>>> print(open('upload-v7.txt').read())   # compact mmCIF, C-alpha atoms
# COMPACT_ATOMS: atom_id res chain seq x y z
CA MET A 1 187.77 82.93 -155.33
CA PRO A 2 190.81 81.16 -153.88
CA ASP A 3 194.17 81.77 -155.52
CA PRO A 4 196.70 79.59 -153.70
CA THR A 5 200.25 78.84 -154.75
CA TRP A 6 199.93 75.50 -156.47
CA SER A 7 202.30 72.74 -155.41
CA ALA A 8 203.93 70.31 -157.82
CA LEU A 9 201.71 67.57 -156.37
CA GLN A 10 198.50 69.50 -157.08
CA LYS A 11 199.60 70.28 -160.63
CA SER A 12 200.71 66.74 -161.41
CA ALA A 13 197.54 65.26 -159.87
CA ALA A 14 195.44 67.40 -162.20
CA ILE A 15 197.49 66.98 -165.39
CA ILE A 16 199.20 63.56 -165.42
CA PRO A 17 195.97 61.46 -165.18
CA LYS A 18 194.79 63.14 -168.40
CA ILE A 19 197.52 61.31 -170.32
CA GLY A 20 196.53 57.88 -169.05
CA GLY A 21 192.87 58.79 -169.41
CA ALA A 22 193.35 59.76 -173.06
CA LEU A 23 195.18 56.51 -173.82
CA SER A 24 192.45 54.50 -172.08
CA ILE A 25 189.75 56.33 -174.04
CA VAL A 26 191.44 55.47 -177.34
CA ALA A 27 191.98 51.81 -176.38
CA CYS A 28 188.40 51.32 -175.14
CA SER A 29 186.98 53.08 -178.21
CA LEU A 30 188.89 50.76 -180.56
CA LEU A 31 187.74 47.69 -178.63
CA ILE A 32 184.11 48.82 -178.65
CA ARG A 33 184.30 49.63 -182.35
CA ASP A 34 185.74 46.18 -183.15
CA VAL A 35 182.94 44.35 -181.32
CA ALA A 36 180.28 46.67 -182.78
CA MET A 37 181.53 45.99 -186.32
CA LYS A 38 181.32 42.24 -185.75
CA TRP A 39 177.81 42.72 -184.38
CA LYS A 40 176.82 44.76 -187.44
CA GLU A 41 178.15 42.03 -189.73
CA ASN A 42 176.11 39.42 -187.81
CA ARG A 43 179.29 37.58 -186.91
CA SER A 44 179.35 35.24 -183.92
CA ILE A 45 180.69 36.96 -180.81
CA PRO A 46 181.95 34.69 -177.98
CA PHE A 47 180.44 35.42 -174.58
CA PRO A 48 183.82 36.31 -172.98
CA THR A 49 184.26 38.93 -175.72
CA LEU A 50 180.87 40.39 -174.82
CA MET A 51 182.02 40.54 -171.19
CA ILE A 52 185.12 42.47 -172.25
CA PHE A 53 182.84 44.74 -174.30
CA ALA A 54 180.76 45.33 -171.16
CA ILE A 55 183.95 46.17 -169.25
CA ALA A 56 185.16 48.59 -171.93
CA ILE A 57 182.02 50.76 -171.85
CA PRO A 58 182.17 51.85 -168.17
CA THR A 59 185.97 52.01 -168.38
CA LEU A 60 185.69 54.44 -171.30
CA ILE A 61 183.20 56.62 -169.41
CA GLN A 62 185.25 56.54 -166.22
CA SER A 63 188.47 57.34 -168.12
CA PHE A 64 186.86 60.44 -169.60
CA PHE A 65 184.98 61.91 -166.65
CA GLN A 66 187.50 60.98 -163.93
CA ASP A 67 190.95 60.56 -165.45
CA PHE A 68 190.76 63.02 -168.34
CA MET A 69 188.50 65.71 -166.86
CA THR A 70 190.06 65.55 -163.34
CA THR A 71 189.81 69.00 -161.70
CA TRP A 72 187.96 70.57 -164.62
CA MET A 73 184.77 69.28 -162.96
CA VAL A 74 185.70 70.52 -159.47
CA PRO A 75 183.89 73.66 -158.21
CA VAL A 76 185.90 76.84 -158.65
CA ASP A 77 184.38 78.38 -155.50
CA THR A 78 185.84 75.78 -153.16
CA HIS A 79 187.52 76.72 -149.89
CA GLN A 80 191.03 78.16 -149.89
CA TYR A 81 192.46 75.09 -148.15
CA GLN A 82 190.64 72.74 -150.53
CA ALA A 83 191.11 74.54 -153.83
CA ALA A 84 191.94 72.58 -156.99
CA PHE A 85 194.41 73.38 -159.76
CA LEU A 86 192.55 74.08 -163.06
CA ALA A 87 189.15 73.85 -161.32
CA ALA A 88 186.41 74.99 -163.71
CA GLY A 89 183.25 73.21 -162.58
CA THR A 90 180.32 73.54 -160.22
CA THR A 91 178.86 71.52 -157.36
CA ALA A 92 176.59 69.79 -159.91
CA SER A 93 179.49 68.80 -162.18
CA CYS A 94 181.45 67.56 -159.17
CA THR A 95 178.50 65.45 -158.04
CA PHE A 96 178.11 64.08 -161.57
CA GLN A 97 181.80 63.18 -161.76
CA GLY A 98 181.77 61.39 -158.44
CA PHE A 99 178.57 59.46 -159.19
CA VAL A 100 179.51 58.42 -162.73
CA SER A 101 183.10 57.52 -161.83
CA LEU A 102 182.16 55.37 -158.85
CA THR A 103 179.34 53.65 -160.75
CA CYS A 104 181.64 52.83 -163.67
CA ILE A 105 184.45 51.60 -161.41
CA MET A 106 182.03 49.25 -159.64
CA LEU A 107 180.54 48.06 -162.93
CA ALA A 108 183.93 47.30 -164.46
CA GLY A 109 185.12 45.58 -161.29
CA LEU A 110 182.05 43.35 -161.10
CA TYR A 111 182.25 42.47 -164.78
CA TYR A 112 185.95 41.60 -164.37
CA THR A 113 184.97 39.28 -161.52
CA GLU A 114 182.29 37.64 -163.65
CA LEU A 115 184.72 37.26 -166.55
CA ALA A 116 187.10 35.38 -164.25
CA ILE A 117 184.19 33.15 -163.17
CA VAL A 118 183.30 32.46 -166.82
CA TYR A 119 186.87 31.43 -167.66
CA TRP A 120 187.13 29.28 -164.54
CA CYS A 121 183.82 27.52 -165.19
CA THR A 122 184.74 27.01 -168.86
CA VAL A 123 187.95 25.24 -167.83
CA ARG A 124 186.70 23.51 -164.69
CA HIS A 125 183.10 22.68 -165.58
CA GLY A 126 183.19 22.67 -169.37
CA TRP A 127 180.81 25.55 -170.02
CA THR A 128 180.11 25.72 -173.76
CA GLU A 129 179.29 28.65 -176.02
CA THR A 130 175.85 27.11 -176.55
CA LYS A 131 175.16 27.38 -172.83
CA MET A 132 176.50 30.93 -172.68
CA ASN A 133 174.39 32.02 -175.66
CA GLN A 134 171.15 31.42 -173.77
CA THR A 135 169.22 34.61 -173.03
CA GLY A 136 168.62 33.75 -169.37
CA PHE A 137 172.32 33.03 -168.89
CA ARG A 138 173.35 36.39 -170.33
CA VAL A 139 170.77 38.32 -168.32
CA ALA A 140 172.02 36.59 -165.16
CA PHE A 141 175.53 37.86 -165.88
CA PHE A 142 174.90 41.34 -167.30
CA LEU A 143 172.05 42.63 -165.11
CA PRO A 144 173.24 42.06 -161.49
CA PRO A 145 176.34 44.31 -161.75
CA VAL A 146 174.15 47.18 -162.97
CA VAL A 147 171.66 46.71 -160.12
CA VAL A 148 174.37 46.37 -157.46
CA SER A 149 176.37 49.35 -158.73
CA LEU A 150 173.39 51.70 -158.93
CA GLY A 151 172.09 50.39 -155.61
CA LEU A 152 175.32 51.53 -153.95
CA THR A 153 176.00 54.75 -155.84
CA VAL A 154 172.53 56.33 -156.03
CA PRO A 155 171.86 56.70 -152.25
CA PRO A 156 174.90 59.00 -151.67
CA LEU A 157 173.30 61.45 -154.11
CA PHE A 158 170.51 62.10 -151.60
CA TYR A 159 173.03 62.73 -148.79
CA GLU A 160 175.21 65.14 -150.83
CA LEU A 161 178.23 62.87 -150.37
CA TYR A 162 179.89 63.42 -153.75
CA ASN A 163 182.40 66.21 -153.18
CA PHE A 164 185.93 67.27 -154.03
CA SER A 165 188.41 64.89 -152.42
CA GLY A 166 191.11 67.52 -151.99
CA LEU A 167 193.52 66.53 -154.77
CA SER A 168 192.20 65.92 -158.28
CA ILE A 169 188.70 64.40 -158.46
CA CYS A 170 185.32 64.30 -156.74
CA GLN A 171 184.62 61.22 -154.66
CA ILE A 172 182.50 60.14 -151.70
CA VAL A 173 183.63 62.43 -148.91
CA PRO A 174 181.91 65.12 -146.80
CA TYR A 175 182.72 68.74 -147.61
CA PRO A 176 184.89 70.32 -146.38
CA MET A 177 187.12 67.36 -145.52
CA GLU A 178 188.00 68.88 -142.13
CA CYS A 179 184.50 68.00 -140.94
CA VAL A 180 185.46 64.31 -141.01
CA TRP A 181 187.71 64.96 -138.01
CA GLY A 182 185.33 67.40 -136.37
CA LEU A 183 187.52 70.42 -137.15
CA ALA A 184 184.80 72.21 -139.11
CA PRO A 185 181.05 71.86 -139.65
CA CYS A 186 179.99 69.82 -142.69
CA GLU A 187 178.44 71.89 -145.48
CA ARG A 188 177.65 68.88 -147.68
CA GLY A 189 177.29 65.31 -146.50
CA SER A 190 178.13 64.11 -142.99
CA THR A 191 180.41 61.65 -141.24
CA GLU A 192 177.38 59.57 -140.23
CA SER A 193 176.17 59.10 -143.83
CA LEU A 194 179.75 58.39 -144.93
CA THR A 195 180.06 55.66 -142.30
CA ILE A 196 176.75 54.09 -143.34
CA PHE A 197 177.85 54.02 -146.98
CA PHE A 198 181.14 52.29 -146.23
CA TYR A 199 179.37 49.71 -144.07
CA LEU A 200 177.06 48.98 -147.02
CA LEU A 201 180.04 48.84 -149.39
CA VAL A 202 181.92 46.37 -147.19
>>> encode(input="upload-v7.txt", output="structure tokens")
Amino acid sequence: MPDPTWSALQKSAAIIPKIGGALSIVACSLLIRDVAMKWKENRSIPFPTLMIFAIAIPTLIQSFFQDFMTTWMVPVDTHQYQAAFLAAGTTASCTFQGFVSLTCIMLAGLYYTELAIVYWCTVRHGWTETKMNQTGFRVAFFLPPVVVSLGLTVPPLFYELYNFSGLSICQIVPYPMECVWGLAPCERGSTESLTIFFYLLV
């Protein structure tokens, strides 16, 4: 098992995000609780508030598994030159972190985009709450981000592309990272599958 001398950068990259992650978890939890209580009381919930609720859920999950857990989900048996401070995970936990984090980031980003569209159309085209309360309208806004996010984050699972990024979390990158530049053979993932993924993402 590798036992390198940890740099200040490696330590800070593993510890500092936990602070922001914890604060984000608390904030998202309070927001979700507030909306859930209104739902339970059968109170009217504006559509933009539901969009913010939809943003808070993946943000909460991402804040926990990526920002708070950081290197705790990174494999402890990683290479000497790619070891992680406080690593306590396995290849499976690393894959899970990368998949969940990327999916949640995409979900939140797409919902933010849709929220901006809702506000713009409300001001520019006079969208009303009656229009936004229609079931078909809500499905058209809530379902596509889920389909797009999973459509982009599930395929890398089959190519073993979720690996330790070399600093604090697991992301989409071949392992070891040296194989990207042809300095070492790839043990998980490949530069070809990484290129295909980024072309799909763009």
>>> closest_residue(input="upload-v7.txt", among="A:Val74, A:Leu110, A:Val173, A:Ile57", to="Leu30 of chain A", atoms="all atoms listed in the file")
A:Ile57
>>> atom_distance(input="upload-v7.txt", atom1="atom CA of Arg188 of chain A", atom2="atom CA of Ala92 of chain A")
12.3 Å
>>> atom_distance(input="upload-v7.txt", atom1="atom CA of Leu60 of chain A", atom2="atom CA of Cys28 of chain A")
5.6 Å
>>> closest_residue(input="upload-v7.txt", among="A:Ala8, A:Leu115, A:Val154, A:Leu86", to="Met69 of chain A", atoms="only C-alpha atoms")
A:Leu86
>>> closest_residue(input="upload-v7.txt", among="A:Ile19, A:Glu114, A:Ala184, A:Val100", to="Ala140 of chain A", atoms="all atoms listed in the file")
A:Glu114
>>> closest_residue(input="upload-v7.txt", among="A:Leu157, A:Ile61, A:Ala27, A:Val146", to="Ser101 of chain A", atoms="all atoms listed in the file")
A:Ile61
>>> closest_residue(input="upload-v7.txt", among="A:Ala56, A:Ser168, A:Tyr112, A:Lys11", to="Arg33 of chain A", atoms="all atoms listed in the file")
A:Ala56
>>> atom_distance(input="upload-v7.txt", atom1="atom CA of Trp127 of chain A", atom2="atom CA of Phe47 of chain A")
10.9 Å
>>> closest_residue(input="upload-v7.txt", among="A:Thr90, A:Thr71, A:Thr128, A:Thr191", to="Ser165 of chain A", atoms="only C-alpha atoms")
A:Thr71
>>> residues_around(input="upload-v7.txt", residues="Leu50 of chain A", least_positions_apart="6", cutoff="12 Å", atoms="all atoms listed in the file", output="number ranges by chain")
A: 31-32, 34-36, 38-39, 44, 56-57, 111-112, 114-115, 118, 129, 132-133, 138, 141-142
>>> residues_near_point(input="upload-v7.txt", point="(190.7, 62.4, -166.3)", cutoff="10 Å", atoms="all atoms listed in the file", output="PyMOL selection string")
chain A and resi 13-22+24-25+61-73+168-169
>>> residues_around(input="upload-v7.txt", residues="Thr95 of chain A", least_positions_apart="4", cutoff="8 Å", atoms="all atoms listed in the file", output="list in words")
Thr91, Phe99, Leu157, Glu160, Tyr162, Asn163 and Cys170 of chain A
>>> residues_around(input="upload-v7.txt", residues="segment 196-200 of chain A", least_positions_apart="6", cutoff="10 Å", atoms="all atoms listed in the file", output="list in words")
Leu152, Thr153, Pro155, Pro156, Leu161 and Ile172 of chain A
>>> residues_around(input="upload-v7.txt", residues="Ser190 of chain A", least_positions_apart="6", cutoff="10 Å", atoms="only C-alpha atoms", output="ChimeraX atom specification")
/A:159-161,173-177,179-180
